[in-house]
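Q: Below: one structure in structure tokens.
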Amino acid sequence: MSSRITLLSIALLLCPPVLAGSKEDALAAYQKFFVAFTTDNHDQIIELFAPDALFYGTRSSELVSTREGIRQYFREALTGRRGSVTATSFEQTALALSDSTVAISGKWQSERTSEGKMVTAGPSRNTVVMHKRGDHWLIVQFHNSPTPKPAPP
């Protein structure tokens, strides 16, 4: 019995702890993306991404792997005649992979005014990996795609 307790104690000491707050901290940091998305401020958006982030936007045909490439994506996607914009995330689920890495999956949509009418884009499926570097949670992987329509019965 004492050998089992000793083995269990050693195993617990060797396992790195996952901080209970890492999921909540990463989710809070990721919510900044939705706020920044509504501003057309490309610099504010790009600061949420790690310099070596991997990025697939809804319109990306190829993987984007530089901050400048991500900035260019948002410059093309967001500049112009969007009117007032809101972005709403929902069904967000987080999985702490370590105390400094969290995977988040969920859905989101944007609403904007166009020619006096409300236009909704989405919902889109989104998966990101957040990684804490220093004191900041950054997006290191981002994938966004349209949610497919359900198959007919």
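Please note that chains go A, B, ... in the order of the structure tokens, that every chain numbers its residues from 1, and that ligands are numbered from 1 in the order shown.
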Which segment 116-150 of chain A residues have any atom within 12 Å of an atom of segment 65-88 of chain A, and for each, what is the nearest pair of atoms with distance in Å to one decimal, counting only C-alpha atoms, rows sorted by chain and number, as a Markdown table?
A:
```
| residue | atom | partner | partner_atom | distance |
| --- | --- | --- | --- | --- |
| A:Gly116 | CA | A:Gly83 | CA | 8.9 |
| A:Lys117 | CA | A:Gly83 | CA | 10.0 |
| A:Met118 | CA | A:Ser84 | CA | 9.5 |
| A:Val119 | CA | A:Val85 | CA | 9.5 |
| A:Thr120 | CA | A:Thr86 | CA | 9.6 |
| A:Ala121 | CA | A:Ala87 | CA | 9.5 |
| A:Gly122 | CA | A:Thr88 | CA | 10.0 |
| A:Pro123 | CA | A:Thr88 | CA | 9.3 |
| A:Ser124 | CA | A:Thr88 | CA | 10.6 |
| A:Ile139 | CA | A:Arg67 | CA | 11.0 |
| A:Val140 | CA | A:Ser65 | CA | 9.7 |
| A:Gln141 | CA | A:Ser65 | CA | 9.4 |
| A:Phe142 | CA | A:Ile70 | CA | 10.3 |
| A:His143 | CA | A:Ile70 | CA | 12.0 |
```
Q: Restrict the selected residues to C-alpha atoms and save them as a JSON list (two decimals), in the first residue's frame.
A:
```
[["chain", "number", "residue", "atom", "x", "y", "z"],
["A", 116, "GLY", "CA", -29.40, 50.82, -44.60],
["A", 117, "LYS", "CA", -29.97, 47.06, -44.19],
["A", 118, "MET", "CA", -28.56, 44.69, -41.59],
["A", 119, "VAL", "CA", -26.39, 42.00, -43.18],
["A", 120, "THR", "CA", -25.24, 38.93, -41.21],
["A", 121, "ALA", "CA", -22.11, 37.00, -42.13],
["A", 122, "GLY", "CA", -21.93, 33.58, -40.56],
["A", 123, "PRO", "CA", -22.13, 31.79, -38.40],
["A", 124, "SER", "CA", -18.56, 30.69, -38.98],
["A", 139, "ILE", "CA", -3.10, 33.65, -31.12],
["A", 140, "VAL", "CA", -0.61, 31.11, -32.53],
["A", 141, "GLN", "CA", -3.06, 29.21, -34.73],
["A", 142, "PHE", "CA", -6.28, 30.52, -36.31],
["A", 143, "HIS", "CA", -8.74, 28.76, -38.59]]
```
Q: So, counting only C-alpha atoms, which residue among A:Pro150, A:Lys32, A:Val102, A:Gln109 is closest to Gln44 of chain A?
A: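 Once distances to Gln44 of chain A are computed over only C-alpha atoms, the minimum belongs to A:Lys32.
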Q: State, in Å with one decimal place, the distance from atom CA of Glu62 of chain A to atom CA of Asn144 of chain A.
A: 12.7 Å
Q: Write out as CSV a residue-level contact list of segment 46-98 of chain A versus segment 24-28 of chain A with cut-off 10 Å: for each qualifying residue the closest pair of atoms and the distance in Å to one decimal, counting only C-alpha atoms, rows sorted by chain and residue number upward.
A:
```
residue,atom,partner,partner_atom,distance
A:Gln92,CA,A:Leu27,CA,8.3
A:Thr93,CA,A:Leu27,CA,8.7
A:Ala94,CA,A:Leu27,CA,7.3
A:Leu95,CA,A:Ala26,CA,9.9
A:Ala96,CA,A:Ala26,CA,9.0
```
Q: Restricting it to C-alpha atoms, dump the selection as a compact mmCIF listing (two decimals), in the first residue's frame.
A:
```txt
# COMPACT_ATOMS: atom_id res chain seq x y z
CA GLN A 92 -16.95 28.86 -27.26
CA THR A 93 -15.29 25.82 -25.69
CA ALA A 94 -11.75 25.86 -24.33
CA LEU A 95 -9.34 23.03 -23.64
CA ALA A 96 -6.25 23.77 -21.55
```
Q: Could you pull the residues within 9 Å of Leu48 of chain A, counting only C-alpha atoms, minus those fewer than 6 positions along the same chain, as a list of chain:residue names?
A: A:Ala29, A:Tyr30, A:Lys32, A:Phe33, A:His136, A:Trp137, A:Leu138, A:Ile139
Q: In terms of the shortest atom-to-atom distance over only C-alpha atoms, which of A:Pro152, A:Gly134, A:Pro146, A:Gly21 is closest to Asp99 of chain A?
A: A:Gly21
Q: Which value, in Å to one decimal, gives the distance between atom CA of Phe90 of chain A and atom CA of Ser61 of chain A?
A: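 Answer for the atom CA of Phe90 of chain A to atom CA of Ser61 of chain A separation: 25.5 Å.
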Q: Name the residues of chain A that come out as alpha helix (DSSP H) in a backbone DSSP run; write them as a VMD selection string.
A: chain A and resid 2 to 14 22 to 37 42 to 46 67 to 78
Q: Could you pull out all residues of segment 32-151 of chain A with a DSSP call of strand (DSSP E) and give them as an MDAnalysis selection string?
A: chainID A and resid 49:56 85:98 101:114 117:133 136:146
Q: Could you check which of A:Ser110, A:Tyr56, A:Ala50, A:Thr127 is closest to Glu91 of chain A, using only C-alpha atoms?
A: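 Smallest distance to Glu91 of chain A is found for A:Thr127.
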